>>> print(open('entry_16.cif').read())   # mmCIF, C-alpha atoms
data_query
loop_
_atom_site.group_PDB
_atom_site.id
_atom_site.type_symbol
_atom_site.label_atom_id
_atom_site.label_comp_id
_atom_site.auth_asym_id
_atom_site.auth_seq_id
_atom_site.Cartn_x
_atom_site.Cartn_y
_atom_site.Cartn_z
ATOM 1 C CA MET W 1 108.163 59.059 126.123
ATOM 2 C CA THR W 2 107.509 57.204 122.873
ATOM 3 C CA ASP W 3 104.082 56.035 124.056
ATOM 4 C CA LYS W 4 102.724 59.578 124.258
ATOM 5 C CA VAL W 5 100.002 60.470 121.778
ATOM 6 C CA PRO W 6 100.562 63.977 120.401
ATOM 7 C CA LEU W 7 97.839 66.534 121.031
ATOM 8 C CA HIS W 8 98.569 68.286 117.779
ATOM 9 C CA ARG W 9 100.890 67.719 114.831
ATOM 10 C CA ARG W 10 101.727 70.425 112.294
ATOM 11 C CA THR W 11 103.762 69.533 109.251
ATOM 12 C CA ILE W 12 104.971 72.162 106.812
ATOM 13 C CA THR W 13 106.697 71.032 103.643
ATOM 14 C CA PHE W 14 108.237 72.822 100.696
ATOM 15 C CA ALA W 15 109.214 71.320 97.354
ATOM 16 C CA ALA W 16 110.740 73.185 94.421
ATOM 17 C CA TYR W 17 110.826 72.215 90.763
ATOM 18 C CA GLU W 18 112.559 73.699 87.768
ATOM 19 C CA CYS W 19 110.105 74.977 85.173
ATOM 20 C CA GLU W 20 110.586 73.278 81.862
ATOM 21 C CA ASP W 21 109.127 76.106 79.811
ATOM 22 C CA ASP W 22 111.846 78.716 80.177
ATOM 23 C CA GLY W 23 114.637 77.422 82.405
ATOM 24 C CA GLY W 24 114.668 80.706 84.262
ATOM 25 C CA SER W 25 111.928 79.993 86.789
ATOM 26 C CA ILE W 26 111.114 77.550 89.557
ATOM 27 C CA ASP W 27 107.813 76.420 91.008
ATOM 28 C CA VAL W 28 107.720 76.198 94.792
ATOM 29 C CA GLU W 29 104.931 74.239 96.442
ATOM 30 C CA ALA W 30 104.267 74.747 100.141
ATOM 31 C CA GLU W 31 101.840 72.675 102.196
ATOM 32 C CA LEU W 32 100.628 72.982 105.779
ATOM 33 C CA LEU W 33 99.000 69.983 107.426
ATOM 34 C CA ASP W 34 97.436 70.124 110.912
ATOM 35 C CA GLN W 35 96.328 66.894 112.574
ATOM 36 C CA ARG W 36 94.867 65.784 115.897
ATOM 37 C CA PRO W 37 96.208 62.238 116.215
ATOM 38 C CA TRP W 38 94.058 61.529 119.287
ATOM 39 C CA ALA W 39 90.738 62.489 117.676
ATOM 40 C CA GLU W 40 88.304 60.410 115.664
ATOM 41 C CA PRO W 41 89.067 60.697 111.942
ATOM 42 C CA TYR W 42 86.850 63.182 110.144
ATOM 43 C CA ALA W 43 88.918 63.937 107.096
ATOM 44 C CA GLY W 44 87.220 61.305 104.997
ATOM 45 C CA PRO W 45 87.481 57.595 104.307
ATOM 46 C CA GLY W 46 90.841 55.985 104.918
ATOM 47 C CA SER W 47 92.109 58.635 107.308
ATOM 48 C CA SER W 48 93.661 57.361 110.526
ATOM 49 C CA VAL W 49 93.845 60.751 112.266
ATOM 50 C CA ALA W 50 91.684 63.828 112.405
ATOM 51 C CA GLU W 51 92.982 66.211 109.750
ATOM 52 C CA LEU W 52 92.062 69.835 110.495
ATOM 53 C CA HIS W 53 93.913 71.760 107.812
ATOM 54 C CA ARG W 54 95.579 70.795 104.541
ATOM 55 C CA MET W 55 96.396 73.996 102.732
ATOM 56 C CA ALA W 56 98.836 74.779 99.969
ATOM 57 C CA LEU W 57 100.501 77.698 98.235
ATOM 58 C CA THR W 58 102.222 77.339 94.886
ATOM 59 C CA VAL W 59 104.343 80.130 93.454
ATOM 60 C CA ARG W 60 106.390 80.530 90.298
ATOM 61 C CA VAL W 61 109.557 82.535 90.865
ATOM 62 C CA ARG W 62 111.781 84.066 88.191
ATOM 63 C CA LEU W 63 115.331 83.326 89.347
ATOM 64 C CA ALA W 64 116.999 86.328 87.713
ATOM 65 C CA ASP W 65 115.318 88.747 90.123
ATOM 66 C CA MET W 66 113.505 86.389 92.552
ATOM 67 C CA LEU W 67 110.139 87.851 91.514
ATOM 68 C CA ILE W 68 106.970 85.850 92.127
ATOM 69 C CA THR W 69 105.245 85.803 88.744
ATOM 70 C CA GLU W 70 102.315 83.505 89.603
ATOM 71 C CA ALA W 71 100.663 82.399 92.840
ATOM 72 C CA ARG W 72 97.830 80.060 93.751
ATOM 73 C CA ALA W 73 96.349 78.905 97.061
ATOM 74 C CA ASP W 74 94.377 75.709 97.605
ATOM 75 C CA MET W 75 92.539 74.215 100.550
ATOM 76 C CA GLY W 76 92.062 70.465 100.715
ATOM 77 C CA THR W 77 90.887 70.209 104.317
ATOM 78 C CA PHE W 78 89.469 73.176 106.222
ATOM 79 C CA PRO W 79 87.193 73.688 109.233
ATOM 80 C CA HIS W 80 84.505 75.981 107.761
ATOM 81 C CA ALA W 81 82.708 75.852 104.433
ATOM 82 C CA GLU W 82 83.585 79.536 103.886
ATOM 83 C CA CYS W 83 87.353 79.058 104.333
ATOM 84 C CA PRO W 84 88.197 78.575 100.625
ATOM 85 C CA ARG W 85 86.642 81.933 99.757
ATOM 86 C CA ILE W 86 89.918 83.642 100.754
ATOM 87 C CA THR W 87 92.182 81.619 98.439
ATOM 88 C CA PRO W 88 91.947 84.079 95.493
ATOM 89 C CA ALA W 89 93.440 86.802 97.720
ATOM 90 C CA PHE W 90 96.742 84.921 97.796
ATOM 91 C CA GLU W 91 97.140 85.435 94.049
ATOM 92 C CA GLY W 92 98.329 88.830 95.350
ATOM 93 C CA LEU W 93 101.706 87.247 96.084
ATOM 94 C CA ALA W 94 102.406 87.649 92.359
ATOM 95 C CA GLY W 95 104.498 90.738 91.802
ATOM 96 C CA LEU W 96 106.344 90.488 95.115
ATOM 97 C CA SER W 97 110.084 89.978 95.159
ATOM 98 C CA ILE W 98 111.692 87.571 97.590
ATOM 99 C CA ALA W 99 113.970 90.297 98.850
ATOM 100 C CA SER W 100 114.157 92.918 101.520
ATOM 101 C CA GLY W 101 110.632 93.873 102.496
ATOM 102 C CA PHE W 102 108.992 90.566 101.518
ATOM 103 C CA ASN W 103 107.848 89.719 105.056
ATOM 104 C CA ARG W 104 106.442 93.196 105.569
ATOM 105 C CA ALA W 105 104.517 93.037 102.279
ATOM 106 C CA VAL W 106 103.096 89.606 103.177
ATOM 107 C CA GLN W 107 102.041 90.880 106.588
ATOM 108 C CA GLU W 108 100.347 93.970 105.135
ATOM 109 C CA ARG W 109 98.413 91.962 102.535
ATOM 110 C CA PHE W 110 97.445 88.725 104.289
ATOM 111 C CA ARG W 111 97.656 88.946 108.082
ATOM 112 C CA GLY W 112 94.516 88.904 110.194
ATOM 113 C CA VAL W 113 91.092 89.351 108.610
ATOM 114 C CA SER W 114 92.657 90.071 105.209
ATOM 115 C CA GLY W 115 93.694 86.454 104.855
ATOM 116 C CA CYS W 116 93.806 83.029 106.474
ATOM 117 C CA SER W 117 96.175 82.427 109.374
ATOM 118 C CA HIS W 118 97.363 79.120 107.895
ATOM 119 C CA LEU W 119 97.974 80.379 104.360
ATOM 120 C CA TYR W 120 99.565 83.501 105.854
ATOM 121 C CA GLU W 121 101.973 81.257 107.760
ATOM 122 C CA LEU W 122 102.930 79.478 104.538
ATOM 123 C CA ALA W 123 103.367 82.779 102.685
ATOM 124 C CA ARG W 124 105.559 84.124 105.475
ATOM 125 C CA LEU W 125 107.798 81.057 105.293
ATOM 126 C CA LEU W 126 108.066 81.157 101.492
ATOM 127 C CA GLY W 127 110.947 83.643 101.460
ATOM 128 C CA PRO W 128 113.650 81.430 103.015
ATOM 129 C CA ALA W 129 112.380 78.343 101.172
ATOM 130 C CA VAL W 130 112.493 80.134 97.812
ATOM 131 C CA VAL W 131 116.009 81.432 98.509
ATOM 132 C CA GLN W 132 117.225 77.890 99.267
ATOM 133 C CA ALA W 133 115.437 76.535 96.191
ATOM 134 C CA GLY W 134 117.040 79.224 94.021
ATOM 135 C CA ILE W 135 120.487 78.364 95.345
ATOM 136 C CA SER W 136 119.817 74.690 94.667
ATOM 137 C CA ALA W 137 118.598 75.404 91.127
ATOM 138 C CA LYS W 138 121.728 77.416 90.344
ATOM 139 C CA ALA W 139 123.989 74.719 91.825
ATOM 140 C CA ARG W 140 122.236 72.034 89.768
ATOM 141 C CA ARG W 141 122.677 74.053 86.595
ATOM 142 C CA ARG W 142 126.397 74.345 87.236
ATOM 143 C CA VAL W 143 126.682 70.596 87.892
ATOM 144 C CA VAL W 144 124.948 69.675 84.623
ATOM 145 C CA GLY W 145 126.985 72.232 82.677
ATOM 146 C CA ARG W 146 124.177 74.693 81.966
ATOM 147 C CA PRO W 147 124.864 78.408 82.077
ATOM 148 C CA THR W 148 123.857 80.302 85.177
ATOM 149 C CA HIS W 149 124.370 83.695 86.680
ATOM 150 C CA ASP W 150 127.713 84.433 88.328
ATOM 151 C CA PRO W 151 128.517 81.311 90.389
ATOM 152 C CA ARG W 152 129.926 83.555 93.114
ATOM 153 C CA THR W 153 126.567 85.173 93.685
ATOM 154 C CA THR W 154 125.695 85.151 97.365
ATOM 155 C CA ALA W 155 122.362 86.951 97.081
ATOM 156 C CA GLY W 156 119.999 85.544 99.644
ATOM 157 C CA VAL W 157 122.660 84.011 101.850
ATOM 158 C CA LEU W 158 125.073 86.862 102.507
ATOM 159 C CA ASN W 159 124.669 87.957 106.153
ATOM 160 C CA SER W 160 122.165 85.147 106.793
ATOM 161 C CA CYS W 161 124.393 83.325 109.301
ATOM 162 C CA HIS W 162 127.978 83.189 110.613
ATOM 163 C CA ILE W 163 129.145 81.157 107.595
ATOM 164 C CA TRP W 164 127.900 83.864 105.211
ATOM 165 C CA ALA W 165 129.287 86.900 107.014
ATOM 166 C CA PRO W 166 131.024 89.180 104.464
ATOM 167 C CA ASP W 167 134.391 87.898 105.721
ATOM 168 C CA GLY W 168 133.071 84.450 106.710
ATOM 169 C CA PRO W 169 134.119 80.999 105.556
ATOM 170 C CA GLY W 170 131.460 80.729 102.814
ATOM 171 C CA VAL W 171 132.734 83.805 100.990
ATOM 172 C CA ARG W 172 136.369 82.779 101.548
ATOM 173 C CA LYS W 173 135.642 79.318 100.096
ATOM 174 C CA LEU W 174 134.083 80.923 97.015
ATOM 175 C CA GLU W 175 137.165 83.113 96.647
ATOM 176 C CA ALA W 176 139.340 79.979 96.892
ATOM 177 C CA GLY W 177 137.456 78.351 93.996
ATOM 178 C CA TRP W 178 134.676 76.339 95.628
ATOM 179 C CA ARG W 179 131.444 76.149 93.658
ATOM 180 C CA PRO W 180 128.230 75.382 95.571
ATOM 181 C CA GLY W 181 126.735 72.035 94.646
ATOM 182 C CA THR W 182 130.099 70.477 93.826
ATOM 183 C CA GLY W 183 132.466 68.374 95.879
ATOM 184 C CA VAL W 184 131.929 66.660 99.197
ATOM 185 C CA PHE W 185 129.281 67.520 101.758
ATOM 186 C CA PRO W 186 129.675 69.024 104.239
ATOM 187 C CA VAL W 187 132.098 71.335 102.520
ATOM 188 C CA PRO W 188 135.554 71.014 104.157
ATOM 189 C CA PRO W 189 137.006 73.849 106.248
ATOM 190 C CA VAL W 190 138.250 76.911 104.368
ATOM 191 C CA GLU W 191 141.808 76.118 105.505
ATOM 192 C CA THR W 192 141.838 73.027 103.263
ATOM 193 C CA PHE W 193 141.167 74.955 100.064
ATOM 194 C CA GLY W 194 144.139 75.622 97.834
ATOM 195 C CA GLN W 195 146.117 72.705 99.255
#
>>> encode(input="entry_16.cif", output="structure tokens")
Amino acid sequence: MTDKVPLHRRTITFAAYECEDDGGSIDVEAELLDQRPWAEPYAGPGSSVAELHRMALTVRVRLADMLITEARADMGTFPHAECPRITPAFEGLAGLSIASGFNRAVQERFRGVSGCSHLYELARLLGPAVVQAGISAKARRRVVGRPTHDPRTTAGVLNSCHIWAPDGPGVRKLEAGWRPGTGVFPVPPVETFGQ
């Protein structure tokens, strides 16, 4: 099976960075890359595969309330000369909170002819990526001894899976003194805490 040439390859990546200006925000960069590995390269010199789409969304998120304060869309590779005309519309992500209702708001603003299907896909996936980035930022702050909001905060993860059920092992580990971002990984079973 390793000798098969893929018909299509889609790669979606997210990277988050702490903002140096205020310490209370993060920048999250999302990129979608579509390639046709079997096709002749037409993405420019040096390309070994046909690149169809390379599109990005960058948002700044205030951690205190998970509000998107800035948003920008970019298109590096696109199929039609008119495609980039829609990128300013995605500045409309600013003002949205990564909270209940985020997916609905993204759908209402950017789905279908009001947006670009590829940038819409990135916007739709921003919510979970931003939540994880926020959790990571708070854990890092605790590790380096910088103040953060209540370390027991479970906003964004509570009820997200069986570990974070209200009576699940994640909450019980927090109650037993575990602090996310500290100790061994994976975090040992809840039964081992307090021993």
>>> residues_near_point(input="entry_16.cif", point="(115.4, 87.0, 89.6)", cutoff="9 Å", atoms="all atoms listed in the file", output="NGL selection string")
:W and (24-25 or 61-68 or 97-98)
>>> atom_distance(input="entry_16.cif", atom1="CA of Arg9 in chain W", atom2="CA of Glu51 in chain W")
9.5 Å
>>> resolve_selection(input="entry_16.cif", expression="the PyMOL selection byres ((chain W and resi 111-119) around 9)", output="list in words")
Glu31, Leu32, His53, Met55, Ala56, Leu57, Ala73, Asp74, Cys83, Ile86, Thr87, Ala89, Phe90, Val106, Gln107, Glu108, Arg109, Phe110, Tyr120, Glu121, Leu122, Ala123 and Arg124 of chain W
>>> atom_distance(input="entry_16.cif", atom1="CA of Thr192 in chain W", atom2="CA of Ala165 in chain W")
19.1 Å
>>> residues_around(input="entry_16.cif", residues="Thr58 in chain W", least_positions_apart="6", cutoff="9 Å", atoms="only C-alpha atoms", output="PyMOL selection string")
chain W and resi 27-31+70-74
>>> closest_residue(input="entry_16.cif", among="W:Ala176, W:Asp34, W:Ala105, W:Ala137", to="Pro189 in chain W", atoms="all atoms listed in the file")
W:Ala176
